[in-house]
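Each remark here refers to the structure printed beneath this line.
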Amino acid sequence: MSNGRKILVVDDDEATCDLLQMMLKRQDYEAVTETSARAALNRIANEEFTAVLTDLDMAELGGIELCQRIAGVRADIPVIVVTGMGSLENAIAAMRAGAFDFVTKPVDPSLLSISVNRASQHRELREEVRRLKESASNLKVEGVIGNSPAMERVFDLVARVAEGDASVLISGETGTGKEVVAKAIHQASGRKGAFVAVNCAAMPPHLLESELFGHARGAFTDAKSQRTGLFALADGGTLFLDEIGEMPLEMQPKLLRALQERTIRPVGANTEVPFDARVITATNRDLESEVYEKRFREDLYYRINVVKIALPPLRERGMDVVHLAAHFLQNFAAKSNKGALTLSEGAAEKLLAYNWPGNVRQLENCMERAVALARFNQISVDDLPENVRGYTADRFVVAVDEMAEVVSMDELERRYIHRVLALVEGNKSRAAQLLGFDRRTMYRKLERYQSRQQLPREHEAPKRAPEA
């Protein structure tokens with residue numbers, strides 16, 4: 001068996017069975033064949049299959065009736081009808097009988113692959129939805145939900161760094177759950193002090209210094225009393241500095257000194273105060289690019305980046321989308337006194353297809369909206385926002401129909417780099433990785449386009465607010 005991907009091919013013509021079996025093996029599926037529909041039904045009753053491919057016109061038992069029989073005993077197995085009698089009437093009859101898809105002979109291997117892959121994903125999705133009805137959450141570390149390989153790596157790093165004191169840098173797009181992971185590290189650390197969080201982008205430099213280090217009475221005009229800073233409040237616990245990439249340059253050496261010396265000096269005070277707080281930072285920026293462009297201190301970058309945990313965007317987490325959606329549904333349904341709510345298969349498919357530019361935060365917002373609009377005990381496609389319901393994947397296409405549209409390879413490369421940068425929201429290291437460049441090559445190309453005024457400095461994608 002190839003990775004559990006097992007297809008049953010049913011056709012009373014042995015040559016057709018052999019041809020389809022060969023096509024499926026090339027797609028890394030295990031294919032077994034039956035020339036009898038009744039024998040196929042016996043196998044379905046005793047074996048697990050990802051999908052069934054059946055001919056429509058068979059002497060003993062037709063494909064339509066076979067679809068009906070399978071739908072009656074194993075509705076979880078998608079059936080793809082393969083026939084030489086390609087017509088709208090036959091397609092409608094097959095779908096009404098419970099078929100998942102319809103493919104005509106002669107079979108195009110690429111179209112067969114698409115159909116079988118869709119059927120496989122559909123089967124997997126149904127299994128996930130069924131399991132989620134039994135258990136809506138799947139926690140590997142406190143507060144963090146996911147089963148994807150990318151999140152398994154995150155869980156492993158969290159477990160390994162939790163009990164130490166090493167500085168941790170959590171990177172990821174906006175809305176990926178960086179603060180949730182920081183809290184998970186704190187909760188697993190055994191530290192008895194508080195978890196204290198501050199957004200470095202939320203206040204100007206002079207206020208940020210006072211917020212972090214505290215100030216003495218009379219240190220400035222409005223300092224009418226002494227103030228304890230967040231470093232001191234987090235003593236014995238964890239200080240989480242969110243959006244560290246937004247910290248003003250003039251504040252960065254002061255933070256660096258505090259981290260190196262493990263002491264702070266409140267604004268206007270003459271004495272150093274020691275602290276014992278673990279510092280975890282987070283950013284949605286590419287800090288290596290920020291260092292290269294002199295917007296972030298290199299020595300501070302290495303001080304905070306002892307261990308780096310990169311959170312994947314939601315669009316790269318596969319079935320985690322469904323797990324998270326079920327978790328949010330459970331929470332919002334409880335708050336709204338709507339009882340138990342589940343996802344329909346159609347709604348789950350739409351959630352999986354969407355690209356989630358706002359990541360987990362946007363999905364949470366989407367589920368809150370769905371609960372507010374739900375009329376039944378199951379979330380349907382109609383309960384989802386229009387941008388999720390009507391989403392189609394974007395594609396970069398090179399098409400030339402007229403001589404006037406012909407451009408040089410250099411210009412084509414510039415446009416493609418621009419497009420990739422927009423897709424990764426300006427993260428140059430990520431764009432370089434996707435394009436197969438090293439980072440220095442990427443910077444050289446960007447500088448060359450900038451000098452020729454081909455690629456403006458504002459090539460970074462604009463920040464997009466999470467969509468409702």
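Chain identifiers are assigned as A, B, and so on, following the order in which chains appear in the structure tokens; residues are numbered from 1 within each chain, and ligands are numbered from 1 in order of appearance.
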Q. Counting only C-alpha atoms, what is within 12 Å of Val181 of chain A, bar same-chain residues fewer than 3 positions away, as number ranges by chain?
A. A: 140-145, 151, 154-159, 161-162, 168-172, 175-178, 184-188, 240, 242, 280-282, 309-311
Could the residues in this selection be written to a file with N, CA and C atoms, as a CSV table (one decimal), in the first residue's frame?
```csv
chain,number,residue,atom,x,y,z
A,140,LYS,N,-1.7,20.1,22.0
A,140,LYS,CA,-0.4,19.5,22.2
A,140,LYS,C,0.4,20.2,23.3
A,141,VAL,N,0.2,21.5,23.3
A,141,VAL,CA,0.7,22.4,24.4
A,141,VAL,C,-0.4,23.3,24.8
A,142,GLU,N,-0.4,23.8,26.0
A,142,GLU,CA,-1.5,24.5,26.6
A,142,GLU,C,-1.9,25.7,25.7
A,143,GLY,N,-3.1,25.7,25.2
A,143,GLY,CA,-3.7,26.8,24.5
A,143,GLY,C,-3.4,26.7,23.0
A,144,VAL,N,-2.6,25.8,22.5
A,144,VAL,CA,-2.2,25.7,21.1
A,144,VAL,C,-2.8,24.5,20.4
A,145,ILE,N,-3.5,24.7,19.3
A,145,ILE,CA,-4.2,23.6,18.6
A,145,ILE,C,-3.6,23.3,17.3
A,151,MET,N,3.2,22.4,12.8
A,151,MET,CA,2.9,22.7,14.2
A,151,MET,C,3.6,21.6,15.1
A,154,VAL,N,6.7,23.0,15.9
A,154,VAL,CA,6.6,24.1,16.9
A,154,VAL,C,6.4,23.5,18.3
A,155,PHE,N,5.6,22.5,18.5
A,155,PHE,CA,5.4,21.8,19.8
A,155,PHE,C,6.7,21.3,20.3
A,156,ASP,N,7.5,20.7,19.4
A,156,ASP,CA,8.7,20.1,19.9
A,156,ASP,C,9.7,21.2,20.4
A,157,LEU,N,9.8,22.3,19.7
A,157,LEU,CA,10.6,23.4,20.2
A,157,LEU,C,10.1,24.0,21.5
A,158,VAL,N,8.8,24.2,21.6
A,158,VAL,CA,8.2,24.7,22.9
A,158,VAL,C,8.6,23.8,24.0
A,159,ALA,N,8.4,22.5,23.8
A,159,ALA,CA,8.7,21.6,24.9
A,159,ALA,C,10.2,21.6,25.3
A,161,VAL,N,12.4,24.1,24.9
A,161,VAL,CA,13.0,25.4,25.4
A,161,VAL,C,12.3,25.9,26.7
A,162,ALA,N,11.1,25.3,27.0
A,162,ALA,CA,10.3,25.8,28.1
A,162,ALA,C,11.0,25.9,29.4
A,168,VAL,N,13.9,33.6,23.5
A,168,VAL,CA,13.2,33.0,22.4
A,168,VAL,C,12.6,34.1,21.5
A,169,LEU,N,12.9,34.0,20.2
A,169,LEU,CA,12.3,34.9,19.2
A,169,LEU,C,11.2,34.1,18.5
A,170,ILE,N,10.0,34.5,18.5
A,170,ILE,CA,8.9,33.9,17.8
A,170,ILE,C,8.5,34.7,16.6
A,171,SER,N,8.7,34.2,15.4
A,171,SER,CA,8.4,34.9,14.2
A,171,SER,C,7.2,34.3,13.5
A,172,GLY,N,6.5,35.1,12.7
A,172,GLY,CA,5.3,34.7,12.0
A,172,GLY,C,4.5,35.9,11.5
A,175,GLY,N,-1.3,37.5,13.2
A,175,GLY,CA,-2.5,36.7,13.4
A,175,GLY,C,-2.2,35.2,13.5
A,176,THR,N,-0.9,34.8,13.6
A,176,THR,CA,-0.5,33.4,13.6
A,176,THR,C,-0.5,32.8,15.0
A,177,GLY,N,-0.7,33.7,16.0
A,177,GLY,CA,-0.7,33.2,17.4
A,177,GLY,C,0.6,33.2,18.2
A,178,LYS,N,1.4,34.3,17.9
A,178,LYS,CA,2.7,34.4,18.6
A,178,LYS,C,2.6,34.5,20.1
A,184,ALA,N,2.3,29.7,26.2
A,184,ALA,CA,2.5,28.3,26.3
A,184,ALA,C,3.9,28.0,26.9
A,185,ILE,N,4.9,28.7,26.4
A,185,ILE,CA,6.2,28.5,26.9
A,185,ILE,C,6.3,28.9,28.4
A,186,HIS,N,5.7,30.0,28.7
A,186,HIS,CA,5.7,30.4,30.1
A,186,HIS,C,5.0,29.4,31.0
A,187,GLN,N,3.8,28.9,30.6
A,187,GLN,CA,3.1,28.0,31.4
A,187,GLN,C,3.8,26.7,31.6
A,188,ALA,N,4.6,26.3,30.6
A,188,ALA,CA,5.3,25.0,30.7
A,188,ALA,C,6.7,25.2,31.4
A,240,PHE,N,7.0,39.4,27.7
A,240,PHE,CA,6.8,39.1,26.3
A,240,PHE,C,6.8,40.5,25.6
A,242,ASP,N,6.2,42.0,22.3
A,242,ASP,CA,5.5,41.7,21.0
A,242,ASP,C,5.9,42.8,20.0
A,280,ILE,N,10.9,36.8,26.1
A,280,ILE,CA,10.4,36.2,24.8
A,280,ILE,C,10.0,37.4,23.9
A,281,THR,N,10.5,37.4,22.7
A,281,THR,CA,10.1,38.4,21.8
A,281,THR,C,9.4,37.8,20.6
A,282,ALA,N,8.7,38.7,19.8
A,282,ALA,CA,8.0,38.2,18.7
A,282,ALA,C,8.0,39.3,17.6
A,309,ILE,N,11.5,30.3,17.0
A,309,ILE,CA,10.4,29.5,16.7
A,309,ILE,C,9.6,30.2,15.6
A,310,ALA,N,9.6,29.6,14.4
A,310,ALA,CA,8.9,30.2,13.3
A,310,ALA,C,7.5,29.6,13.2
A,311,LEU,N,6.4,30.4,13.3
A,311,LEU,CA,5.1,29.9,13.2
A,311,LEU,C,4.6,29.9,11.8
```
Q: Output as number ranges by chain all residues of segment 324-392 of chain A that backbone DSSP marks as alpha helix (DSSP H).
A: A: 324-336, 345-353, 359-373, 386-389
Output for the residues just chosen: N, CA and C atoms as a short mmCIF file (atom, residue, chain, number, x, y, z; two decimals), in the first residue's frame:
```
data_model
loop_
_atom_site.label_atom_id
_atom_site.label_comp_id
_atom_site.auth_asym_id
_atom_site.auth_seq_id
_atom_site.Cartn_x
_atom_site.Cartn_y
_atom_site.Cartn_z
N LEU A 324 -9.06 24.11 14.30
CA LEU A 324 -9.20 25.43 14.93
C LEU A 324 -10.62 25.96 14.79
N ALA A 325 -11.22 25.77 13.61
CA ALA A 325 -12.59 26.24 13.40
C ALA A 325 -13.54 25.56 14.38
N ALA A 326 -13.38 24.26 14.58
CA ALA A 326 -14.24 23.52 15.52
C ALA A 326 -14.03 24.02 16.95
N HIS A 327 -12.79 24.32 17.30
CA HIS A 327 -12.49 24.85 18.63
C HIS A 327 -13.17 26.20 18.85
N PHE A 328 -13.06 27.09 17.86
CA PHE A 328 -13.69 28.40 17.98
C PHE A 328 -15.21 28.28 18.00
N LEU A 329 -15.75 27.37 17.19
CA LEU A 329 -17.20 27.15 17.20
C LEU A 329 -17.68 26.75 18.59
N GLN A 330 -16.96 25.84 19.20
CA GLN A 330 -17.32 25.37 20.54
C GLN A 330 -17.34 26.53 21.53
N ASN A 331 -16.31 27.38 21.47
CA ASN A 331 -16.21 28.50 22.41
C ASN A 331 -17.32 29.52 22.19
N PHE A 332 -17.53 29.93 20.94
CA PHE A 332 -18.52 30.96 20.67
C PHE A 332 -19.94 30.45 20.85
N ALA A 333 -20.17 29.18 20.54
CA ALA A 333 -21.51 28.61 20.76
C ALA A 333 -21.84 28.60 22.25
N ALA A 334 -20.86 28.27 23.08
CA ALA A 334 -21.08 28.26 24.52
C ALA A 334 -21.39 29.67 25.03
N LYS A 335 -20.66 30.66 24.53
CA LYS A 335 -20.90 32.05 24.97
C LYS A 335 -22.26 32.56 24.51
N SER A 336 -22.73 32.05 23.36
CA SER A 336 -23.99 32.52 22.79
C SER A 336 -25.18 31.67 23.21
N GLU A 345 -19.70 19.60 5.89
CA GLU A 345 -18.57 19.25 5.02
C GLU A 345 -18.31 20.35 4.00
N GLY A 346 -19.39 20.94 3.48
CA GLY A 346 -19.22 22.01 2.49
C GLY A 346 -18.51 23.22 3.09
N ALA A 347 -18.89 23.59 4.31
CA ALA A 347 -18.25 24.73 4.97
C ALA A 347 -16.78 24.41 5.25
N ALA A 348 -16.50 23.19 5.69
CA ALA A 348 -15.12 22.79 5.97
C ALA A 348 -14.27 22.86 4.71
N GLU A 349 -14.82 22.45 3.58
CA GLU A 349 -14.08 22.50 2.31
C GLU A 349 -13.77 23.94 1.92
N LYS A 350 -14.72 24.86 2.14
CA LYS A 350 -14.48 26.27 1.84
C LYS A 350 -13.38 26.83 2.75
N LEU A 351 -13.41 26.46 4.03
CA LEU A 351 -12.38 26.95 4.95
C LEU A 351 -11.00 26.46 4.54
N LEU A 352 -10.92 25.21 4.09
CA LEU A 352 -9.63 24.64 3.68
C LEU A 352 -9.12 25.28 2.39
N ALA A 353 -10.03 25.69 1.51
CA ALA A 353 -9.62 26.25 0.22
C ALA A 353 -9.14 27.69 0.35
N ASN A 359 -4.78 34.92 8.96
CA ASN A 359 -4.37 33.75 9.74
C ASN A 359 -5.38 33.36 10.82
N VAL A 360 -4.90 32.86 11.96
CA VAL A 360 -5.79 32.30 12.98
C VAL A 360 -6.76 33.34 13.49
N ARG A 361 -6.28 34.58 13.62
CA ARG A 361 -7.15 35.65 14.11
C ARG A 361 -8.33 35.86 13.17
N GLN A 362 -8.09 35.80 11.88
CA GLN A 362 -9.18 35.96 10.91
C GLN A 362 -10.14 34.78 10.97
N LEU A 363 -9.61 33.57 11.12
CA LEU A 363 -10.48 32.39 11.24
C LEU A 363 -11.37 32.50 12.47
N GLU A 364 -10.80 32.97 13.57
CA GLU A 364 -11.59 33.15 14.80
C GLU A 364 -12.73 34.13 14.55
N ASN A 365 -12.42 35.24 13.88
CA ASN A 365 -13.44 36.23 13.55
C ASN A 365 -14.52 35.62 12.66
N CYS A 366 -14.09 34.80 11.70
CA CYS A 366 -15.02 34.14 10.77
C CYS A 366 -15.98 33.22 11.52
N MET A 367 -15.44 32.46 12.49
CA MET A 367 -16.29 31.53 13.24
C MET A 367 -17.24 32.27 14.19
N GLU A 368 -16.79 33.40 14.73
CA GLU A 368 -17.69 34.19 15.58
C GLU A 368 -18.87 34.69 14.76
N ARG A 369 -18.58 35.14 13.54
CA ARG A 369 -19.64 35.59 12.64
C ARG A 369 -20.58 34.45 12.28
N ALA A 370 -20.00 33.28 11.99
CA ALA A 370 -20.83 32.13 11.61
C ALA A 370 -21.77 31.72 12.73
N VAL A 371 -21.29 31.75 13.97
CA VAL A 371 -22.13 31.41 15.11
C VAL A 371 -23.26 32.42 15.26
N ALA A 372 -22.95 33.69 15.05
CA ALA A 372 -23.97 34.74 15.18
C ALA A 372 -25.07 34.57 14.14
N LEU A 373 -24.71 34.07 12.95
CA LEU A 373 -25.68 33.94 11.86
C LEU A 373 -26.34 32.57 11.77
N GLU A 386 -18.62 36.27 2.57
CA GLU A 386 -18.62 36.19 1.12
C GLU A 386 -17.22 35.94 0.57
N ASN A 387 -16.20 36.60 1.17
CA ASN A 387 -14.84 36.42 0.64
C ASN A 387 -14.35 35.00 0.82
N VAL A 388 -14.85 34.27 1.81
CA VAL A 388 -14.48 32.87 2.01
C VAL A 388 -15.29 31.97 1.07
N ARG A 389 -16.59 32.26 0.96
CA ARG A 389 -17.47 31.45 0.09
C ARG A 389 -17.02 31.52 -1.36
#
```
Q: Enumerate, as an MDAnalysis selection string, the complete set of residues in segment 98-228 of chain A that a backbone-based DSSP assignment places in strand (DSSP E).
A: chainID A and resid 101:104 139:141 144:145 168:171 195:199 214:215 227:228
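Counting only C-alpha atoms and comparing A:Tyr301, A:Tyr443, A:Phe376, A:Tyr391, the residue that lies closest to Trp356 of chain A is A:Tyr391.
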